[in-house]
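Here's the structure we're looking at; comments come further down.
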Amino acid sequence: MAKEMNMQYEKTLYAGDVQILKREPNEAIPLTLDFSAVTEKDANGKKIVKAGTPVNKSGVADNTATAIGILRFDVTEDRPQGVALKKAYLNTKVAEAHSGVTYDAEVKTALPMIVFE
């Protein structure tokens, strides 16, 4: 006799991932984001940090010389794991428009392996 299992899940619909890379190759590192100071929310009411946002080693959005990478994909508070680009050819116009961040000169200096095109 088979047991009945109650499997709950939440379905999330995305309009599509934004493509912030100009071309391959790229290298990224895993990073857990800190949402304590985040106020922006997505359409489902979850806090979000958008792709293209510079982040520091603590997983906080950081448009200064202490940035360690650029967030590759959108990350929401219910799944705070993301990846930070360390080496990449970045489509700067798309990344800045999507993230709402205009890259400071200090960020560009702090990330010498990212080509801002």
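Lettering and numbering for the structure tokens are positional, with chains as A, B, ... in the shown order, residues counted from 1 in each chain, and ligands counted from 1 in the shown order.
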Hey, what's within 9 Å of Val60 of chain A if we count only C-alpha atoms and toss same-chain stuff fewer than 2 positions away? As a PyMOL selection string, please? chain A and resi 33-38+54-58+62+67
Extract the full set of alpha helix (DSSP H) residues from chain A according to DSSP on the backbone, and format it as a ChimeraX atom specification. /A:92-99,105-110
How would the residues just picked look written out with N, CA, C and O atoms as a compact mmCIF listing (two decimals), in the first residue's frame?
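Contents of again01.txt, freshly written:
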```txt
# COMPACT_ATOMS: atom_id res chain seq x y z
N THR A 92 27.89 47.05 -19.96
CA THR A 92 27.70 48.07 -18.93
C THR A 92 26.35 48.76 -19.02
O THR A 92 25.68 48.95 -17.99
N LYS A 93 25.92 49.11 -20.21
CA LYS A 93 24.65 49.81 -20.38
C LYS A 93 23.48 48.97 -19.85
O LYS A 93 22.63 49.46 -19.10
N VAL A 94 23.44 47.70 -20.21
CA VAL A 94 22.36 46.81 -19.77
C VAL A 94 22.45 46.56 -18.26
O VAL A 94 21.45 46.63 -17.55
N ALA A 95 23.66 46.29 -17.76
CA ALA A 95 23.84 46.01 -16.34
C ALA A 95 23.46 47.20 -15.47
O ALA A 95 22.78 47.04 -14.44
N GLU A 96 23.88 48.39 -15.86
CA GLU A 96 23.53 49.59 -15.08
C GLU A 96 22.03 49.88 -15.14
O GLU A 96 21.42 50.22 -14.12
N ALA A 97 21.43 49.72 -16.31
CA ALA A 97 20.00 49.97 -16.44
C ALA A 97 19.18 48.99 -15.60
O ALA A 97 18.23 49.37 -14.93
N HIS A 98 19.57 47.71 -15.61
CA HIS A 98 18.82 46.70 -14.86
C HIS A 98 18.99 46.86 -13.35
O HIS A 98 18.02 46.79 -12.60
N SER A 99 20.21 47.09 -12.91
CA SER A 99 20.49 47.18 -11.47
C SER A 99 20.13 48.53 -10.89
O SER A 99 19.90 48.64 -9.68
N ALA A 105 33.87 54.98 -10.42
CA ALA A 105 35.24 54.72 -10.91
C ALA A 105 36.00 53.80 -9.96
O ALA A 105 36.83 52.99 -10.40
N GLU A 106 35.72 53.89 -8.65
CA GLU A 106 36.39 53.03 -7.67
C GLU A 106 36.06 51.55 -7.90
O GLU A 106 36.91 50.69 -7.71
N VAL A 107 34.82 51.27 -8.30
CA VAL A 107 34.41 49.88 -8.57
C VAL A 107 35.18 49.35 -9.77
O VAL A 107 35.69 48.23 -9.74
N LYS A 108 35.27 50.14 -10.79
CA LYS A 108 35.98 49.71 -12.00
C LYS A 108 37.46 49.45 -11.70
O LYS A 108 38.04 48.49 -12.22
N THR A 109 38.05 50.25 -10.84
CA THR A 109 39.44 50.05 -10.44
C THR A 109 39.59 48.80 -9.57
O THR A 109 40.54 48.05 -9.70
N ALA A 110 38.62 48.57 -8.68
CA ALA A 110 38.66 47.42 -7.77
C ALA A 110 38.45 46.09 -8.49
O ALA A 110 38.80 45.04 -7.96
```
A straight line from atom CA of Leu31 of chain A to atom CA of Pro80 of chain A spans 8.4 Å
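In terms of minimum interatomic distance to Ala28 of chain A, A:Leu85 ranks closest within A:Leu90, A:Ile48, A:Leu85, A:Leu111, counting only C-alpha atoms.
In this comparison, which uses only C-alpha atoms, the residue of A:Ala88, A:Ile20, A:Val101, A:Ile114 approaching Thr64 of chain A most closely is A:Val101.
Here the DSSP assignment of strand (DSSP E), based on backbone atoms, applies within segment 11-79 of chain A to Leu21, Lys22, Arg23, Glu24, Pro25, Asn26, Glu27, Ala28, Ile29, Pro30, Leu31, Thr32, Ile48, Val49, Pro54, Val55, Gly69, Ile70, Leu71, Val75 and Thr76 of chain A.
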Check your understanding: What is the atom CA of Asp42 of chain A to atom CA of Asn91 of chain A distance in Å?
Key ->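 We find that atom CA of Asp42 of chain A and atom CA of Asn91 of chain A lie 22.7 Å from each other.
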**Request:** Determine the nearest neighbour of Glu27 of chain A from the options A:Arg72, A:Thr53, A:Glu117, A:Asp104, counting only C-alpha atoms.
**Result:**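 Closest to Glu27 of chain A, using only C-alpha atoms: A:Arg72.
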A straight line from atom CA of Asp78 of chain A to atom CA of Thr66 of chain A spans 25.6 Å
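Shell of Val83 of chain A at 9 Å, with only C-alpha atoms counted and residues fewer than 6 places along the chain excluded, is Ala28, Ile29, Pro30, Leu31, Thr32, Gly69, Ile70, Leu71, Arg72 and Phe73 of chain A.
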inquiry  = With distances taken over only C-alpha atoms, which residue among A:Lys86, A:Gly100, A:Asn26, A:Thr39 lies nearest Asn63 of chain A?
reply    =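 Among the listed residues, the smallest separation from Asn63 of chain A belongs to A:Gly100.
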